[in-house]
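Q: This is the content of structure_27.txt (compact mmCIF, C-alpha atoms):
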# COMPACT_ATOMS: atom_id res chain seq x y z
CA MET F 5 10.30 49.99 5.38
CA SER F 6 10.42 46.76 7.31
CA HIS F 7 6.63 46.65 7.68
CA HIS F 8 6.39 44.01 4.96
CA CYS F 9 7.67 41.42 7.40
CA HIS F 10 4.96 42.12 9.96
CA ASP F 11 2.26 40.14 8.18
CA GLU F 12 4.13 36.89 8.28
CA HIS F 13 4.33 37.15 12.05
CA ASP F 14 0.72 38.16 12.64
CA ASP F 15 -0.18 34.65 13.69
CA HIS F 16 2.02 35.04 16.75
CA HIS F 17 -0.27 37.69 18.16
CA HIS F 18 -3.07 35.19 18.56
CA HIS F 19 -0.95 33.09 20.89
CA HIS F 20 -0.39 35.99 23.23
CA GLU F 21 -4.01 36.90 23.84
CA GLY F 22 -5.64 34.79 26.50
CA GLY F 23 -3.78 31.83 27.93
CA ALA F 24 -0.38 32.70 26.45
CA GLU F 25 1.34 31.15 29.44
CA HIS F 26 -0.38 27.85 28.80
CA ASP F 27 0.25 27.91 25.04
CA HIS F 28 3.98 28.27 25.49
CA SER F 29 4.54 26.31 28.70
CA ASP F 30 6.42 23.50 26.99
CA ASP F 31 9.07 25.68 25.37
CA ILE F 32 9.40 28.20 28.18
CA THR F 33 10.96 25.97 30.80
CA PRO F 34 14.46 25.39 29.33
CA ALA F 35 14.85 29.01 28.29
CA VAL F 36 13.96 30.63 31.59
CA GLN F 37 16.14 28.49 33.85
CA PHE F 38 18.83 31.17 33.78
CA SER F 39 16.55 34.09 32.92
CA LEU F 40 17.53 37.40 34.50
CA TYR F 41 14.11 38.95 33.78
CA GLN F 42 13.10 39.34 37.43
CA HIS F 43 16.40 41.08 38.24
CA ILE F 44 16.11 43.90 35.68
CA ASN F 45 15.38 47.37 37.06
CA PHE F 46 12.88 48.23 34.33
CA ASP F 47 12.07 51.72 35.65
CA GLU F 48 15.69 52.83 35.27
CA ILE F 49 16.27 51.56 31.71
CA THR F 50 17.31 54.44 29.44
CA THR F 51 17.44 54.41 25.64
CA LEU F 52 19.20 57.00 23.49
CA ASN F 53 17.93 57.90 19.99
CA GLU F 54 14.61 56.03 20.21
CA GLN F 55 11.71 57.33 18.10
CA VAL F 56 9.10 56.54 20.73
CA HIS F 57 9.94 57.28 24.34
CA GLY F 58 9.92 54.12 26.44
CA SER F 59 10.13 51.71 23.50
CA GLY F 60 13.59 50.46 24.47
CA GLN F 61 12.24 49.64 27.91
CA ALA F 62 9.16 48.02 26.35
CA ILE F 63 11.07 45.43 24.29
CA ILE F 64 13.04 44.34 27.37
CA LYS F 65 9.78 44.09 29.34
CA LYS F 66 8.60 41.42 26.89
CA THR F 67 8.60 37.99 28.49
CA TRP F 68 10.03 34.91 26.80
CA ALA F 69 6.49 33.93 25.80
CA GLU F 70 6.15 37.28 24.00
CA ARG F 71 9.52 37.11 22.22
CA LEU F 72 8.01 36.59 18.73
CA ALA F 73 5.53 39.48 18.95
CA THR F 74 6.48 42.16 16.43
CA GLU F 75 5.13 44.97 18.60
CA PRO F 76 6.29 46.87 20.47
CA GLU F 77 9.67 47.44 18.87
CA VAL F 78 12.33 50.06 19.38
CA VAL F 79 13.20 52.13 16.30
CA SER F 80 16.14 54.52 16.08
CA ASP F 81 15.37 58.15 15.36
CA ALA F 82 17.99 60.56 13.96
CA ASP F 83 20.26 57.86 12.55
CA GLU F 84 20.85 54.11 12.76
CA GLN F 85 22.53 54.10 16.19
CA LEU F 86 20.90 52.99 19.44
CA ILE F 87 22.07 52.82 23.05
CA ILE F 88 20.16 50.96 25.76
CA ASN F 89 21.35 51.11 29.37
CA VAL F 90 20.02 48.25 31.53
CA PRO F 91 20.51 48.32 35.32
CA PHE F 92 20.00 45.20 37.43
CA THR F 93 18.66 44.85 40.97
CA ALA F 94 21.32 42.28 41.89
CA GLN F 95 24.90 41.50 40.96
CA ILE F 96 24.85 39.54 37.72
CA LYS F 97 27.13 36.95 36.16
CA LEU F 98 26.03 37.27 32.55
CA HIS F 99 25.90 34.17 30.36
CA SER F 100 24.28 35.45 27.16
CA VAL F 101 22.17 38.12 25.50
CA LEU F 102 19.05 37.14 23.55
CA LEU F 103 18.04 39.28 20.62
CA ARG F 104 15.35 39.32 17.94
CA THR F 105 15.49 41.64 14.94
CA SER F 106 14.44 40.94 11.33
CA PRO F 107 15.77 39.98 7.88
CA SER F 108 15.44 43.61 6.74
CA PRO F 109 18.18 46.25 6.25
CA SER F 110 17.00 47.85 9.52
CA ALA F 111 18.40 44.92 11.54
CA PRO F 112 21.38 45.96 13.70
CA ARG F 113 24.69 44.67 12.39
CA THR F 114 26.91 45.09 15.45
CA LEU F 115 26.36 44.96 19.20
CA ARG F 116 28.92 46.31 21.63
CA LEU F 117 28.43 45.40 25.29
CA LEU F 118 29.90 47.63 27.99
CA ALA F 119 29.72 46.15 31.48
CA ASN F 120 29.13 48.54 34.40
CA ALA F 121 29.36 51.53 32.10
CA ASP F 122 27.16 54.60 32.46
CA ILE F 123 26.88 55.86 28.88
CA HIS F 124 25.08 59.15 28.32
CA ASP F 125 25.95 60.00 24.71
CA PHE F 126 27.15 58.40 21.49
CA GLY F 127 30.58 60.03 21.54
CA GLN F 128 31.20 58.43 24.91
CA ALA F 129 30.03 55.07 23.54
CA GLU F 130 32.28 55.34 20.48
CA ASP F 131 35.30 56.20 22.64
CA SER F 132 34.73 53.40 25.13
CA THR F 133 36.38 50.02 24.62
CA PRO F 134 33.60 47.41 24.53
CA THR F 135 33.75 44.58 27.04
CA GLN F 136 32.72 42.38 24.12
CA GLU F 137 31.57 42.98 20.53
CA PHE F 138 29.27 40.80 18.42
CA GLU F 139 28.61 40.65 14.69
CA LEU F 140 24.87 40.04 14.43
CA SER F 141 22.77 38.09 11.95
CA GLN F 142 20.14 39.52 9.64
CA THR F 143 17.30 37.24 10.73
CA SER F 144 14.00 37.11 12.59
CA GLU F 145 15.19 34.07 14.54
CA ILE F 146 16.15 34.52 18.20
CA GLN F 147 19.90 35.11 18.37
CA GLU F 148 21.62 33.95 21.55
CA LEU F 149 24.95 35.68 21.99
CA PRO F 150 27.17 33.93 24.57
CA VAL F 151 29.52 36.28 26.40
CA LYS F 152 33.00 35.71 27.78
CA ARG F 153 31.78 35.05 31.29
CA ALA F 154 35.01 36.05 33.03
CA LYS F 155 34.47 39.59 31.76
CA PHE F 156 30.85 39.75 32.94
CA ASN F 157 31.01 38.14 36.38
CA ALA F 158 30.06 41.16 38.51
CA VAL F 159 27.66 43.21 36.40
CA GLN F 160 25.27 45.70 37.97
CA ARG F 161 24.45 47.60 34.79
CA LEU F 162 24.93 46.81 31.13
CA CYS F 163 25.12 49.16 28.16
CA LEU F 164 24.07 47.79 24.77
CA PHE F 165 25.43 49.94 21.93
CA PHE F 166 24.19 49.25 18.40
CA PRO F 167 26.42 51.43 16.16
CA ASP F 168 25.13 50.35 12.73
CA ASN F 169 22.66 48.25 10.75
CA PHE F 170 22.71 46.13 7.60
CA SER F 171 21.72 48.95 5.24
CA GLN F 172 25.31 50.20 4.73
CA GLY F 173 24.20 53.74 5.51
CA GLU F 174 21.07 53.70 3.35
CA GLU F 175 18.59 53.18 6.19
CA ASP F 176 18.45 55.48 9.24
CA GLU F 177 16.05 53.27 11.17
CA THR F 178 17.40 50.39 13.22
CA ARG F 179 14.68 48.09 14.60
CA ILE F 180 14.82 45.60 17.47
CA SER F 181 11.79 43.72 18.80
CA TYR F 182 13.16 41.66 21.72
CA ILE F 183 16.10 41.67 24.13
CA GLY F 184 16.60 39.22 26.99
CA PHE F 185 19.39 38.17 29.32
CA LYS F 186 20.53 34.85 30.80
CA GLY F 187 22.93 34.36 33.67
CA GLU F 188 23.32 33.96 37.41
CA TRP F 189 22.67 36.47 40.13
CA MET F 190 23.63 37.09 43.72
CA THR F 191 22.58 39.56 46.36
CA LEU F 192 25.24 41.03 48.61
CA GLY F 193 26.74 38.49 50.99
CA GLN F 194 25.10 35.47 49.36
CA ALA F 195 26.25 32.75 47.02
CA PRO F 196 25.10 32.84 43.38
CA LYS F 197 21.58 31.62 42.76
CA ASN F 198 20.19 30.18 39.59
CA ILE F 199 19.35 26.55 38.97
CA VAL F 200 20.63 25.22 42.30
CA TYR F 201 17.19 23.86 43.12
CA GLU F 202 17.12 21.36 40.25
CA ALA F 203 18.47 18.64 42.56
CA ALA F 204 15.15 18.67 44.40
CA ALA F 205 13.57 17.09 41.34
CA ARG F 206 15.57 13.88 41.81
CA PRO F 207 13.80 11.62 44.34
CA THR F 208 17.01 9.63 44.95
CA ASP F 209 18.49 12.65 46.70
CA HIS F 210 15.90 12.36 49.46
CA LYS F 211 16.04 8.65 50.25
CA VAL F 212 18.82 8.84 52.86
CA LYS F 213 16.99 9.60 56.11
CA GLY F 214 19.56 8.72 58.74
CA THR F 215 21.91 11.55 59.68
CA ALA F 216 24.68 9.18 60.69
CA ASP F 217 24.93 7.67 57.21
CA ALA F 218 24.35 10.86 55.24
CA ARG F 219 28.02 11.80 55.03
CA GLY F 220 28.89 9.44 52.24
CA VAL F 221 28.00 5.79 52.82
CA GLY F 222 26.65 4.51 49.55
CA TYR F 223 27.58 7.64 47.58
CA ASN F 224 30.73 6.06 46.19
CA ARG F 225 28.77 3.48 44.25
CA GLN F 226 27.42 4.31 40.80
CA GLY F 227 23.98 3.01 39.92
Can you turn what I pasted into structure tokens?

A:
Amino acid sequence: MSHHCHDEHDDHHHHHEGGAEHDHSDDITPAVQFSLYQHINFDEITTLNEQVHGSGQAIIKKTWAERLATEPEVVSDADEQLIINVPFTAQIKLHSVLLRTSPSPSAPRTLRLLANADIHDFGQAEDSTPTQEFELSQTSEIQELPVKRAKFNAVQRLCLFFPDNFSQGEEDETRISYIGFKGEWMTLGQAPKNIVYEAAARPTDHKVKGTADARGVGYNRQG
């Protein structure tokens, strides 16, 4: 049903075969500064109502460089609803969710996020108050959905509930090709880690050698 849009993206596949990291190096850097990719517990991801077992996990396993690849994708089975439970290996302060769908009626219309919820069935998901709800766009562009950070500052698992799509009940298949997460993380007993190392890129930070003067002499002058 949404296969007609695959051809227009076929050119992306060529970028991902052989040297994909080099092809995309210029546009990767800003996007992955807050990437939570390395802190996802991929083996414990569970998806409810997926046609192909493991496909929900597979779209989250896509790297940023693979975000435009149309395959693999997760497709809902019995109806248009999907649930994906994502556990993390650290405590997360979530900033945003990244999503890629399509311009077709099979694109999800709504996303409900439930922080630290263990959702095992759709009735439970329907009855749970979402931590935050998003109205999605019907597009093949990457959608970045910023969350209310105060509500997602100590996340160890995240449930993504997609209750409907843009077909208004005409299409049972909901399709998603990429999901990513941005934020900060901390292990127990440590301060949050993310982009704290960016200061090392500024040579001026390293010019003060003397310990006696390092406490502030010269720091109160701009330029």

Q: Give me the segment 162-195 of chain F side of the contact with segment 108-123 of chain F, cut-off 6 Å, one line per residue showing its nearest atom pair and distance in Å at one decimal, counting only C-alpha atoms, sorted by chain and residue number, as a tab-separated table.

A:
residue	atom	partner	partner_atom	distance
F:Leu162	CA	F:Ala119	CA	4.8
F:Cys163	CA	F:Leu118	CA	5.0
F:Leu164	CA	F:Leu117	CA	5.0
F:Phe165	CA	F:Arg116	CA	5.0
F:Phe166	CA	F:Leu115	CA	4.9
F:Asp168	CA	F:Arg113	CA	5.7
F:Asn169	CA	F:Pro112	CA	3.9
F:Phe170	CA	F:Pro109	CA	4.7
F:Ser171	CA	F:Pro109	CA	4.6
F:Glu177	CA	F:Ser110	CA	5.7
F:Thr178	CA	F:Ser110	CA	4.5
F:Arg179	CA	F:Ser110	CA	5.6

Q: For atom CA of Leu103 of chain F and atom CA of Thr191 of chain F, quote the distance in Å rounded to one decimal.

A: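 Atom CA of Leu103 of chain F sits 26.1 Å away from atom CA of Thr191 of chain F.
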
Q: Kindly give the distance, in Å, that separates atom CA of Ala73 of chain F and atom CA of Glu148 of chain F, rounded to a single decimal.

A: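 If I compute the distance from atom CA of Ala73 of chain F to atom CA of Glu148 of chain F, I get 17.2 Å.
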
Q: Have a look at F:Leu72, F:Gly187, F:Val79, F:Asp125 and name the one nearest to Ser59 of chain F; count only C-alpha atoms.

A: F:Val79

Q: Interatomic distance between atom CA of Glu75 of chain F and atom CA of Thr93 of chain F?

A: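 Result for atom CA of Glu75 of chain F versus atom CA of Thr93 of chain F: 26.1 Å, one decimal.
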
Q: Could you give me, as number ranges by chain, the residues within 9 Å of Ser100 of chain F, counting all atoms listed in the file and dropping anything in the same chain fewer than 6 positions from it?

A: F: 148-153, 184-187

Q: List the spatial neighbours of Ser144 of chain F as a PDB file with C-alpha atoms, in the coordinates of the input - criterion: any atom at most 8 Å away, all atoms listed in the file, same-chain residues fewer than 2 positions off excluded.

A:
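Below is the file that was written, result.pdb:
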ATOM      1  CA  ARG F 104      15.350  39.320  17.940  1.00  0.00           C
ATOM      2  CA  THR F 105      15.490  41.640  14.940  1.00  0.00           C
ATOM      3  CA  SER F 106      14.440  40.940  11.330  1.00  0.00           C
ATOM      4  CA  PRO F 107      15.770  39.980   7.880  1.00  0.00           C
ATOM      5  CA  GLN F 142      20.140  39.520   9.640  1.00  0.00           C
ATOM      6  CA  ILE F 146      16.150  34.520  18.200  1.00  0.00           C
TER       7      ILE F 146
END

Q: For the point (18.9, 50.0, 24.7) in the file's frame, write as a list in words all residues with an atom no more than 7 Å away, counting all atoms listed in the file.

A: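 The answer, in the requested form, is Thr50, Thr51, Gly60, Leu86, Ile87, Ile88, Asn89 and Leu164 of chain F.
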
Q: Given the selection you just returned, output its residues as a file containing C-alpha atoms, formatted as a JSON list (two decimals), keeping the file's coordinate frame.

A:
[["chain", "number", "residue", "atom", "x", "y", "z"],
["F", 50, "THR", "CA", 17.31, 54.44, 29.44],
["F", 51, "THR", "CA", 17.44, 54.41, 25.64],
["F", 60, "GLY", "CA", 13.59, 50.46, 24.47],
["F", 86, "LEU", "CA", 20.90, 52.99, 19.44],
["F", 87, "ILE", "CA", 22.07, 52.82, 23.05],
["F", 88, "ILE", "CA", 20.16, 50.96, 25.76],
["F", 89, "ASN", "CA", 21.35, 51.11, 29.37],
["F", 164, "LEU", "CA", 24.07, 47.79, 24.77]]

Q: Taking only C-alpha atoms into account, which of F:Gln55, F:Thr133, F:Gln42, F:Ser181 comes nearest Gln85 of chain F?

A: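 Nearest candidate to Gln85 of chain F out of F:Gln55, F:Thr133, F:Gln42, F:Ser181: F:Gln55.
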
Q: Identify, on the basis of only C-alpha atoms, every residue whose closest approach to Asn45 of chain F does not exceed 6 Å; exclude the query and any residue fewer than 2 positions from it along the same chain; express the result as a compact mmCIF listing (two decimals) with C-alpha atoms, keeping the file's coordinate frame.

A:
# COMPACT_ATOMS: atom_id res chain seq x y z
CA ASP F 47 12.07 51.72 35.65
CA GLU F 48 15.69 52.83 35.27
CA PRO F 91 20.51 48.32 35.32
CA PHE F 92 20.00 45.20 37.43
CA THR F 93 18.66 44.85 40.97

Q: For Asp176 of chain F, please output as a list in words all residues within 8 Å (counting all atoms listed in the file; exclusion window: fewer than 3 positions along the same chain).

A: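 After dropping sequence-adjacent residues, the list is Ser80, Asp81, Ala82, Asp83, Glu84, Ser110 and Gly173 of chain F.
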